[in-house]
>>> print(open('upload17.cif').read())   # mmCIF, C-alpha atoms and all ligand atoms
data_start
#
loop_
_atom_site.group_PDB
_atom_site.id
_atom_site.type_symbol
_atom_site.label_atom_id
_atom_site.label_comp_id
_atom_site.auth_asym_id
_atom_site.auth_seq_id
_atom_site.Cartn_x
_atom_site.Cartn_y
_atom_site.Cartn_z
ATOM 1 C CA MET A 1 75.208 87.947 130.232
ATOM 2 C CA ARG A 2 75.722 86.850 126.665
ATOM 3 C CA LEU A 3 79.144 86.892 125.016
ATOM 4 C CA PHE A 4 80.319 86.857 121.393
ATOM 5 C CA ASP A 5 83.869 85.543 120.901
ATOM 6 C CA SER A 6 84.883 87.392 117.730
ATOM 7 C CA HIS A 7 88.027 85.333 117.024
ATOM 8 C CA ALA A 8 88.780 81.667 117.759
ATOM 9 C CA HIS A 9 90.541 78.673 116.178
ATOM 10 C CA TYR A 10 88.665 75.556 117.304
ATOM 11 C CA ASN A 11 90.161 73.650 114.384
ATOM 12 C CA ASP A 12 93.522 73.829 116.233
ATOM 13 C CA ARG A 13 94.887 70.417 117.229
ATOM 14 C CA ARG A 14 96.064 71.774 120.607
ATOM 15 C CA PHE A 15 92.504 71.439 121.941
ATOM 16 C CA GLU A 16 92.879 67.677 121.801
ATOM 17 C CA GLU A 17 95.425 67.859 124.656
ATOM 18 C CA GLU A 18 93.032 69.343 127.165
ATOM 19 C CA PHE A 19 89.408 68.922 126.081
ATOM 20 C CA GLU A 20 87.427 65.760 125.720
ATOM 21 C CA GLY A 21 86.249 65.790 122.133
ATOM 22 C CA GLY A 22 89.024 68.214 121.085
ATOM 23 C CA GLY A 23 88.004 71.526 119.503
ATOM 24 C CA ARG A 24 84.381 70.416 119.141
ATOM 25 C CA GLY A 25 84.284 69.471 122.820
ATOM 26 C CA ALA A 26 85.759 72.856 123.806
ATOM 27 C CA LEU A 27 83.218 74.667 121.596
ATOM 28 C CA LEU A 28 80.287 72.868 123.188
ATOM 29 C CA LYS A 29 81.662 73.449 126.718
ATOM 30 C CA ALA A 30 82.038 77.202 126.085
ATOM 31 C CA HIS A 31 78.554 77.406 124.591
ATOM 32 C CA ALA A 32 77.068 75.549 127.574
ATOM 33 C CA GLU A 33 78.851 78.082 129.822
ATOM 34 C CA GLY A 34 77.098 81.029 128.180
ATOM 35 C CA VAL A 35 79.203 82.027 125.167
ATOM 36 C CA GLU A 36 76.387 82.531 122.730
ATOM 37 C CA MET A 37 78.240 83.150 119.441
ATOM 38 C CA ILE A 38 81.733 82.411 118.148
ATOM 39 C CA CYS A 39 83.540 83.331 114.929
ATOM 40 C CA ASN A 40 86.006 80.610 113.939
ATOM 41 C CA VAL A 41 88.789 82.081 111.826
ATOM 42 C CA GLY A 42 90.854 80.390 109.110
ATOM 43 C CA SER A 43 94.495 81.088 108.324
ATOM 44 C CA SER A 44 95.052 78.889 105.251
ATOM 45 C CA VAL A 45 92.955 77.049 102.671
ATOM 46 C CA GLY A 46 92.835 73.954 104.920
ATOM 47 C CA THR A 47 91.943 75.737 108.177
ATOM 48 C CA SER A 48 89.403 77.891 106.319
ATOM 49 C CA GLU A 49 87.694 74.702 105.114
ATOM 50 C CA GLU A 50 87.695 73.474 108.721
ATOM 51 C CA SER A 51 86.159 76.793 109.847
ATOM 52 C CA VAL A 52 83.329 76.434 107.335
ATOM 53 C CA ALA A 53 82.765 72.834 108.485
ATOM 54 C CA LEU A 54 82.473 73.968 112.136
ATOM 55 C CA ALA A 55 80.036 76.723 111.136
ATOM 56 C CA GLU A 56 77.928 74.184 109.234
ATOM 57 C CA GLU A 57 77.897 71.849 112.222
ATOM 58 C CA PHE A 58 77.086 74.365 114.985
ATOM 59 C CA ASP A 59 74.373 77.004 114.732
ATOM 60 C CA PHE A 60 76.252 79.272 117.181
ATOM 61 C CA VAL A 61 79.397 79.379 115.014
ATOM 62 C CA VAL A 62 80.114 81.610 112.022
ATOM 63 C CA ALA A 63 83.288 81.468 109.925
ATOM 64 C CA ALA A 64 85.961 83.720 108.480
ATOM 65 C CA VAL A 65 88.094 82.397 105.604
ATOM 66 C CA GLY A 66 91.468 83.716 104.511
ATOM 67 C CA ILE A 67 95.219 83.299 104.173
ATOM 68 C CA HIS A 68 97.385 84.507 107.070
ATOM 69 C CA PRO A 69 100.627 86.314 106.101
ATOM 70 C CA CYS A 70 102.806 83.544 107.588
ATOM 71 C CA ASP A 71 100.833 80.868 105.714
ATOM 72 C CA ALA A 72 101.098 82.935 102.534
ATOM 73 C CA GLN A 73 104.853 82.412 102.674
ATOM 74 C CA GLU A 74 104.465 78.629 102.690
ATOM 75 C CA ILE A 75 102.490 78.472 99.444
ATOM 76 C CA PRO A 76 104.562 77.967 96.265
ATOM 77 C CA ALA A 77 104.337 81.122 94.116
ATOM 78 C CA ILE A 78 102.761 79.171 91.270
ATOM 79 C CA SER A 79 99.850 78.066 93.509
ATOM 80 C CA LEU A 80 99.049 81.431 95.101
ATOM 81 C CA ASP A 81 96.288 82.562 92.779
ATOM 82 C CA ALA A 82 94.627 79.138 92.929
ATOM 83 C CA ALA A 83 94.668 79.318 96.754
ATOM 84 C CA LEU A 84 93.105 82.787 96.635
ATOM 85 C CA ALA A 85 90.427 81.502 94.242
ATOM 86 C CA ARG A 86 89.584 78.711 96.687
ATOM 87 C CA ILE A 87 89.148 81.249 99.495
ATOM 88 C CA GLU A 88 86.846 83.313 97.279
ATOM 89 C CA ALA A 89 84.769 80.245 96.386
ATOM 90 C CA MET A 90 84.409 79.347 100.097
ATOM 91 C CA ALA A 91 83.325 82.901 100.906
ATOM 92 C CA ALA A 92 80.079 82.335 98.986
ATOM 93 C CA HIS A 93 78.917 80.072 101.832
ATOM 94 C CA GLU A 94 76.097 81.653 103.822
ATOM 95 C CA LYS A 95 77.914 81.147 107.148
ATOM 96 C CA VAL A 96 81.124 82.844 106.018
ATOM 97 C CA ARG A 97 80.872 86.347 107.441
ATOM 98 C CA ALA A 98 84.362 87.796 106.910
ATOM 99 C CA ILE A 99 87.641 87.389 105.031
ATOM 100 C CA GLY A 100 90.437 86.629 107.489
ATOM 101 C CA GLU A 101 92.712 86.385 109.034
ATOM 102 C CA ILE A 102 94.829 88.422 106.650
ATOM 103 C CA GLY A 103 97.512 91.053 107.133
ATOM 104 C CA TYR A 104 101.215 91.499 107.790
ATOM 105 C CA ASP A 105 103.528 89.604 110.150
ATOM 106 C CA PHE A 106 107.122 90.828 110.165
ATOM 107 C CA HIS A 107 108.029 89.116 113.427
ATOM 108 C CA TYR A 108 110.250 86.398 111.994
ATOM 109 C CA ASP A 109 113.508 86.614 110.098
ATOM 110 C CA GLY A 110 113.282 85.798 106.422
ATOM 111 C CA THR A 111 109.948 87.549 105.950
ATOM 112 C CA ASN A 112 108.938 87.827 102.302
ATOM 113 C CA ARG A 113 107.273 91.246 102.425
ATOM 114 C CA GLU A 114 106.389 91.294 98.739
ATOM 115 C CA ARG A 115 104.573 87.967 99.059
ATOM 116 C CA GLN A 116 102.713 89.140 102.161
ATOM 117 C CA GLU A 117 101.672 92.372 100.481
ATOM 118 C CA TYR A 118 100.434 90.581 97.359
ATOM 119 C CA VAL A 119 98.241 88.195 99.361
ATOM 120 C CA PHE A 120 97.035 90.879 101.795
ATOM 121 C CA ALA A 121 96.062 93.323 99.012
ATOM 122 C CA ALA A 122 94.416 90.591 96.921
ATOM 123 C CA GLN A 123 92.223 89.600 99.877
ATOM 124 C CA LEU A 124 91.292 93.213 100.668
ATOM 125 C CA GLU A 125 90.126 93.525 97.078
ATOM 126 C CA MET A 126 88.302 90.191 97.281
ATOM 127 C CA ALA A 127 86.463 91.290 100.450
ATOM 128 C CA ALA A 128 85.414 94.570 98.842
ATOM 129 C CA ARG A 129 84.124 92.660 95.798
ATOM 130 C CA LEU A 130 82.104 90.345 98.059
ATOM 131 C CA SER A 131 80.958 93.120 100.450
ATOM 132 C CA LEU A 132 82.455 91.249 103.405
ATOM 133 C CA PRO A 133 84.435 92.777 106.289
ATOM 134 C CA VAL A 134 88.028 91.665 106.905
ATOM 135 C CA VAL A 135 89.796 90.337 110.017
ATOM 136 C CA ILE A 136 93.306 91.782 110.271
ATOM 137 C CA HIS A 137 96.356 90.154 111.852
ATOM 138 C CA SER A 138 99.195 92.636 112.335
ATOM 139 C CA ARG A 139 102.407 91.768 114.147
ATOM 140 C CA ASP A 140 105.463 94.015 114.240
ATOM 141 C CA ALA A 141 103.916 95.767 111.252
ATOM 142 C CA ALA A 142 101.697 98.574 112.622
ATOM 143 C CA GLY A 143 102.795 101.249 110.126
ATOM 144 C CA PRO A 144 102.671 99.164 106.924
ATOM 145 C CA THR A 145 99.323 97.639 107.991
ATOM 146 C CA PHE A 146 97.789 101.063 108.524
ATOM 147 C CA ASP A 147 99.165 102.344 105.202
ATOM 148 C CA LEU A 148 97.764 99.447 103.159
ATOM 149 C CA ILE A 149 94.371 99.698 104.862
ATOM 150 C CA ALA A 150 94.284 103.466 104.415
ATOM 151 C CA ALA A 151 94.939 102.921 100.691
ATOM 152 C CA HIS A 152 91.872 100.617 100.511
ATOM 153 C CA ARG A 153 89.084 102.854 101.714
ATOM 154 C CA GLU A 154 86.392 100.582 100.241
ATOM 155 C CA ASN A 155 87.089 97.974 102.964
ATOM 156 C CA CYS A 156 85.899 97.759 106.533
ATOM 157 C CA GLY A 157 87.084 95.352 109.166
ATOM 158 C CA VAL A 158 88.533 94.628 112.570
ATOM 159 C CA LEU A 159 92.060 94.833 113.953
ATOM 160 C CA HIS A 160 92.103 91.510 115.798
ATOM 161 C CA SER A 161 94.027 91.062 119.057
ATOM 162 C CA PHE A 162 94.899 94.732 118.893
ATOM 163 C CA SER A 163 98.390 95.562 120.142
ATOM 164 C CA GLY A 164 98.654 99.279 119.330
ATOM 165 C CA GLY A 165 98.123 102.389 121.421
ATOM 166 C CA ALA A 166 95.263 104.825 121.890
ATOM 167 C CA GLU A 167 96.199 107.099 118.981
ATOM 168 C CA LEU A 168 96.266 104.255 116.448
ATOM 169 C CA ALA A 169 92.957 102.916 117.810
ATOM 170 C CA ARG A 170 91.379 106.364 117.325
ATOM 171 C CA GLN A 171 92.694 106.574 113.748
ATOM 172 C CA TYR A 172 91.143 103.209 112.852
ATOM 173 C CA CYS A 173 87.821 104.115 114.479
ATOM 174 C CA ALA A 174 87.792 107.381 112.513
ATOM 175 C CA MET A 175 87.978 105.263 109.329
ATOM 176 C CA GLY A 176 85.022 103.165 110.535
ATOM 177 C CA TRP A 177 87.091 100.174 111.625
ATOM 178 C CA HIS A 178 86.524 97.944 114.658
ATOM 179 C CA ILE A 179 89.110 97.064 117.323
ATOM 180 C CA SER A 180 89.114 93.709 119.127
ATOM 181 C CA PHE A 181 90.851 92.998 122.443
ATOM 182 C CA SER A 182 92.117 89.629 123.680
ATOM 183 C CA GLY A 183 93.877 88.177 126.742
ATOM 184 C CA PRO A 184 96.847 90.605 126.851
ATOM 185 C CA VAL A 185 94.523 93.470 127.920
ATOM 186 C CA THR A 186 94.239 91.633 131.273
ATOM 187 C CA TYR A 187 98.018 91.606 131.866
ATOM 188 C CA LYS A 188 99.303 93.725 134.706
ATOM 189 C CA ASN A 189 101.745 95.823 132.664
ATOM 190 C CA ALA A 190 99.492 96.369 129.647
ATOM 191 C CA ASN A 191 99.079 100.108 130.213
ATOM 192 C CA ARG A 192 99.304 101.072 126.546
ATOM 193 C CA LEU A 193 96.700 98.474 125.635
ATOM 194 C CA LYS A 194 94.407 99.631 128.446
ATOM 195 C CA GLU A 195 94.621 103.194 127.098
ATOM 196 C CA ALA A 196 93.668 101.859 123.687
ATOM 197 C CA ALA A 197 90.693 99.978 125.160
ATOM 198 C CA LEU A 198 89.488 103.259 126.627
ATOM 199 C CA ALA A 199 89.998 105.171 123.357
ATOM 200 C CA VAL A 200 87.929 102.915 121.064
ATOM 201 C CA ASP A 201 84.481 104.230 120.073
ATOM 202 C CA ALA A 202 81.757 102.287 121.900
ATOM 203 C CA ASP A 203 80.185 101.011 118.675
ATOM 204 C CA LYS A 204 83.552 99.721 117.367
ATOM 205 C CA LEU A 205 84.568 97.645 120.397
ATOM 206 C CA LEU A 206 84.887 93.827 120.174
ATOM 207 C CA VAL A 207 86.361 91.112 122.430
ATOM 208 C CA GLU A 208 87.890 87.771 121.526
ATOM 209 C CA THR A 209 89.973 84.891 122.854
ATOM 210 C CA ASP A 210 92.148 84.038 119.801
ATOM 211 C CA CYS A 211 92.018 80.614 121.463
ATOM 212 C CA PRO A 212 93.823 78.289 121.934
ATOM 213 C CA TYR A 213 96.355 81.147 122.158
ATOM 214 C CA LEU A 214 96.640 84.222 124.426
ATOM 215 C CA PRO A 215 94.865 83.074 127.610
ATOM 216 C CA PRO A 216 93.845 85.940 129.910
ATOM 217 C CA VAL A 217 94.827 86.323 133.564
ATOM 218 C CA PRO A 218 94.371 84.089 135.645
ATOM 219 C CA HIS A 219 94.781 81.330 133.058
ATOM 220 C CA ARG A 220 98.165 82.226 131.566
ATOM 221 C CA GLY A 221 100.063 79.140 130.469
ATOM 222 C CA GLU A 222 96.875 77.154 129.865
ATOM 223 C CA ILE A 223 95.132 76.340 126.616
ATOM 224 C CA ASN A 224 92.659 79.177 126.096
ATOM 225 C CA TYR A 225 88.992 78.693 125.129
ATOM 226 C CA SER A 226 85.903 80.882 124.926
ATOM 227 C CA GLY A 227 84.909 79.957 128.490
ATOM 228 C CA TYR A 228 87.712 82.315 129.594
ATOM 229 C CA LEU A 229 86.466 85.246 127.491
ATOM 230 C CA HIS A 230 84.653 86.781 130.456
ATOM 231 C CA HIS A 231 88.025 87.674 132.044
ATOM 232 C CA THR A 232 88.932 89.805 129.030
ATOM 233 C CA LEU A 233 85.426 91.262 128.905
ATOM 234 C CA GLU A 234 85.578 92.164 132.618
ATOM 235 C CA ALA A 235 88.970 93.864 132.169
ATOM 236 C CA VAL A 236 87.649 95.965 129.272
ATOM 237 C CA ALA A 237 84.488 96.793 131.252
ATOM 238 C CA SER A 238 86.513 97.981 134.232
ATOM 239 C CA ILE A 239 88.819 100.100 132.033
ATOM 240 C CA ARG A 240 85.775 101.797 130.490
ATOM 241 C CA GLY A 241 83.852 102.129 133.780
ATOM 242 C CA LEU A 242 81.045 99.823 132.614
ATOM 243 C CA ALA A 243 79.195 97.054 134.402
ATOM 244 C CA PRO A 244 80.326 93.698 132.930
ATOM 245 C CA GLU A 245 76.741 92.963 131.800
ATOM 246 C CA ASP A 246 76.617 96.245 129.854
ATOM 247 C CA ALA A 247 80.031 95.674 128.240
ATOM 248 C CA ALA A 248 78.957 92.136 127.326
ATOM 249 C CA GLU A 249 75.767 93.341 125.668
ATOM 250 C CA LEU A 250 77.573 96.186 123.861
ATOM 251 C CA THR A 251 80.248 93.916 122.401
ATOM 252 C CA TYR A 252 77.654 91.245 121.586
ATOM 253 C CA GLN A 253 75.585 93.741 119.601
ATOM 254 C CA ASN A 254 78.692 95.135 117.874
ATOM 255 C CA ALA A 255 79.885 91.664 116.851
ATOM 256 C CA SER A 256 76.416 90.635 115.683
ATOM 257 C CA ALA A 257 76.269 93.677 113.410
ATOM 258 C CA PHE A 258 79.855 93.159 112.223
ATOM 259 C CA PHE A 259 79.353 89.469 111.327
ATOM 260 C CA GLY A 260 75.753 89.960 110.237
ATOM 261 C CA ARG A 261 76.290 89.627 106.489
ATOM 262 C CA THR A 262 73.605 91.843 105.027
ATOM 263 C CA LYS A 263 74.365 90.816 101.477
HETATM 264 ZN ZN ZN B 1 93.916 84.225 115.167
#
>>> encode(input="upload17.cif", output="structure tokens")
Amino acid sequence: MRLFDSHAHYNDRRFEEEFEGGGRGALLKAHAEGVEMICNVGSSVGTSEESVALAEEFDFVVAAVGIHPCDAQEIPAISLDAALARIEAMAAHEKVRAIGEIGYDFHYDGTNRERQEYVFAAQLEMAARLSLPVVIHSRDAAGPTFDLIAAHRENCGVLHSFSGGAELARQYCAMGWHISFSGPVTYKNANRLKEAALAVDADKLLVETDCPYLPPVPHRGEINYSGYLHHTLEAVASIRGLAPEDAAELTYQNASAFFGRTK
């Protein structure tokens, strides 16, 4: 079966602890083990540049470029628009297939919501201008994320590492959005997430690792990589009553269309 990991961070230094050759070594290992395509996702100007470099180096890697809400808070106000312009310039690259990851993260104290909203909205508008889909990060911010997306009907995208319930998943699908599931859908007590995985329209379903983070069962506590994606895929297949091969092909086709860049 062929797999498409819709969200990974092989630029992350944590790979150096466990994989010979670091992130590049982990990428090649996963590819040799049958993961046919991977989207490497940026979260800042620097990691977006690294994502483009990986996509240039490996024919089975495509890139997303963008500024994550937590990274947005680290940029001095005076440099924000220049950072956004650099993301937009990078997005012209043929192997950049989405703007992301972008969104809201209200998990930590001292969140600058105005800053996050400015950067999130600017990148939604950028993606619409460039006819690219977006990759959304949303943490402790389900309502505000939905509201901002609903106010930007010209965009399409994916809710990455989805953490909401079935009703929210249905609402996004009704707007034409994709939903991507990661390691937590394999956790024993993830009933709400399992209901969501059942509720997503078949043509909107994606799977991802978000590696090196969020390893699935039975690899919790380890450094995650795309070679573990089949555990998440198998969990989603079982929830939906599909053979793993059929779920793999479905999510592969969905991701290929999503990251296909027609323009
Ligand atoms: Zn991520």
>>> residues_near_ligand(input="upload17.cif", ligand="ligand ZN 1 (chain B)", cutoff="10 Å", atoms="all atoms listed in the file", output="list in words")
Ser6, His7, Ala8, His9, Asn40, Val41, Gly42, Ser43, His68, Gly100, Glu101, Ile102, Val135, Ile136, His137, His160, Ser161, Glu208, Thr209, Asp210, Cys211, Pro212, Tyr213 and Leu214 of chain A
>>> atom_distance(input="upload17.cif", atom1="CA of Asp71 in chain A", atom2="CA of Leu168 in chain A")
26.1 Å
>>> closest_residue(input="upload17.cif", among="A:Lys188, A:Arg86, A:Arg113, A:His107", to="Ala72 in chain A", atoms="all atoms listed in the file")
A:Arg113
>>> resolve_selection(input="upload17.cif", expression="the PyMOL selection byres (((chain A and resi 24-26) around 10) and not hetatm)", output="ChimeraX atom specification")
/A:10-11,15-16,18-23,27-32,54,57-58,212,224-227
>>> write_last_selection(input="upload17.cif", atoms="C-alpha atoms", output="PDB file, in the frame of the given file")
ATOM      1  CA  TYR A  10      88.665  75.556 117.304  1.00  0.00           C
ATOM      2  CA  ASN A  11      90.161  73.650 114.384  1.00  0.00           C
ATOM      3  CA  PHE A  15      92.504  71.439 121.941  1.00  0.00           C
ATOM      4  CA  GLU A  16      92.879  67.677 121.801  1.00  0.00           C
ATOM      5  CA  GLU A  18      93.032  69.343 127.165  1.00  0.00           C
ATOM      6  CA  PHE A  19      89.408  68.922 126.081  1.00  0.00           C
ATOM      7  CA  GLU A  20      87.427  65.760 125.720  1.00  0.00           C
ATOM      8  CA  GLY A  21      86.249  65.790 122.133  1.00  0.00           C
ATOM      9  CA  GLY A  22      89.024  68.214 121.085  1.00  0.00           C
ATOM     10  CA  GLY A  23      88.004  71.526 119.503  1.00  0.00           C
ATOM     11  CA  LEU A  27      83.218  74.667 121.596  1.00  0.00           C
ATOM     12  CA  LEU A  28      80.287  72.868 123.188  1.00  0.00           C
ATOM     13  CA  LYS A  29      81.662  73.449 126.718  1.00  0.00           C
ATOM     14  CA  ALA A  30      82.038  77.202 126.085  1.00  0.00           C
ATOM     15  CA  HIS A  31      78.554  77.406 124.591  1.00  0.00           C
ATOM     16  CA  ALA A  32      77.068  75.549 127.574  1.00  0.00           C
ATOM     17  CA  LEU A  54      82.473  73.968 112.136  1.00  0.00           C
ATOM     18  CA  GLU A  57      77.897  71.849 112.222  1.00  0.00           C
ATOM     19  CA  PHE A  58      77.086  74.365 114.985  1.00  0.00           C
ATOM     20  CA  PRO A 212      93.823  78.289 121.934  1.00  0.00           C
ATOM     21  CA  ASN A 224      92.659  79.177 126.096  1.00  0.00           C
ATOM     22  CA  TYR A 225      88.992  78.693 125.129  1.00  0.00           C
ATOM     23  CA  SER A 226      85.903  80.882 124.926  1.00  0.00           C
ATOM     24  CA  GLY A 227      84.909  79.957 128.490  1.00  0.00           C
TER      25      GLY A 227
END
>>> axis_aligned_box(input="upload17.cif", around="range 53-69 of chain A", padding_each_side="8 Å", output="JSON")
{"center_x": 87.5, "center_y": 79.1, "center_z": 110.7, "size_x": 42.3, "size_y": 30.5, "size_z": 29.0}
>>> closest_residue(input="upload17.cif", among="A:His231, A:Arg170, A:His93, A:Lys204", to="Val52 in chain A", atoms="only C-alpha atoms")
A:His93
>>> residues_around(input="upload17.cif", residues="Phe106 in chain A", least_positions_apart="4", cutoff="7 Å", atoms="all atoms listed in the file", output="PyMOL selection string")
chain A and resi 111+139-141
>>> closest_residue(input="upload17.cif", among="A:Cys173, A:Ala235, A:Leu148, A:Leu84", to="Val45 in chain A", atoms="all atoms listed in the file")
A:Leu84
>>> closest_residue(input="upload17.cif", among="A:Ala122, A:Ala151, A:Leu229, A:Ala89", to="Glu33 in chain A", atoms="all atoms listed in the file")
A:Leu229
>>> atom_distance(input="upload17.cif", atom1="CA of Glu114 in chain A", atom2="CA of Gly157 in chain A")
22.3 Å
>>> atom_distance(input="upload17.cif", atom1="CA of Thr251 in chain A", atom2="CA of Glu222 in chain A")
24.8 Å
>>> resolve_selection(input="upload17.cif", expression="the PyMOL selection byres (((chain A and resi 4) around 10) and not hetatm)", output="list in words")
Arg2, Leu3, Asp5, Ser6, His7, Gly34, Val35, Glu36, Met37, Ile38, Cys39, Phe60, Val61, Leu206, Val207, Glu208, Thr209, Ser226, Leu229, Ala248, Glu249, Thr251, Tyr252, Gln253, Asn254, Ala255 and Ser256 of chain A
>>> resolve_selection(input="upload17.cif", expression="the PyMOL selection byres (((chain A and resi 98) around 10) and not hetatm)", output="MDAnalysis selection string")
chainID A and resid 39 41 62:66 91 95:97 99:101 127 130:135 157:158 258:261
>>> residues_near_point(input="upload17.cif", point="(87.9, 98.2, 127.5)", cutoff="10 Å", atoms="only C-alpha atoms", output="PyMOL selection string")
chain A and resi 180-181+185-186+193-200+202+205-207+232-242+247
>>> closest_residue(input="upload17.cif", among="A:Tyr172, A:Ala128, A:Asp59, A:Gln123", to="Ala85 in chain A", atoms="all atoms listed in the file")
A:Gln123
>>> closest_residue(input="upload17.cif", among="A:Phe162, A:Pro184, A:Trp177, A:Pro144", to="Gln116 in chain A", atoms="only C-alpha atoms")
A:Pro144
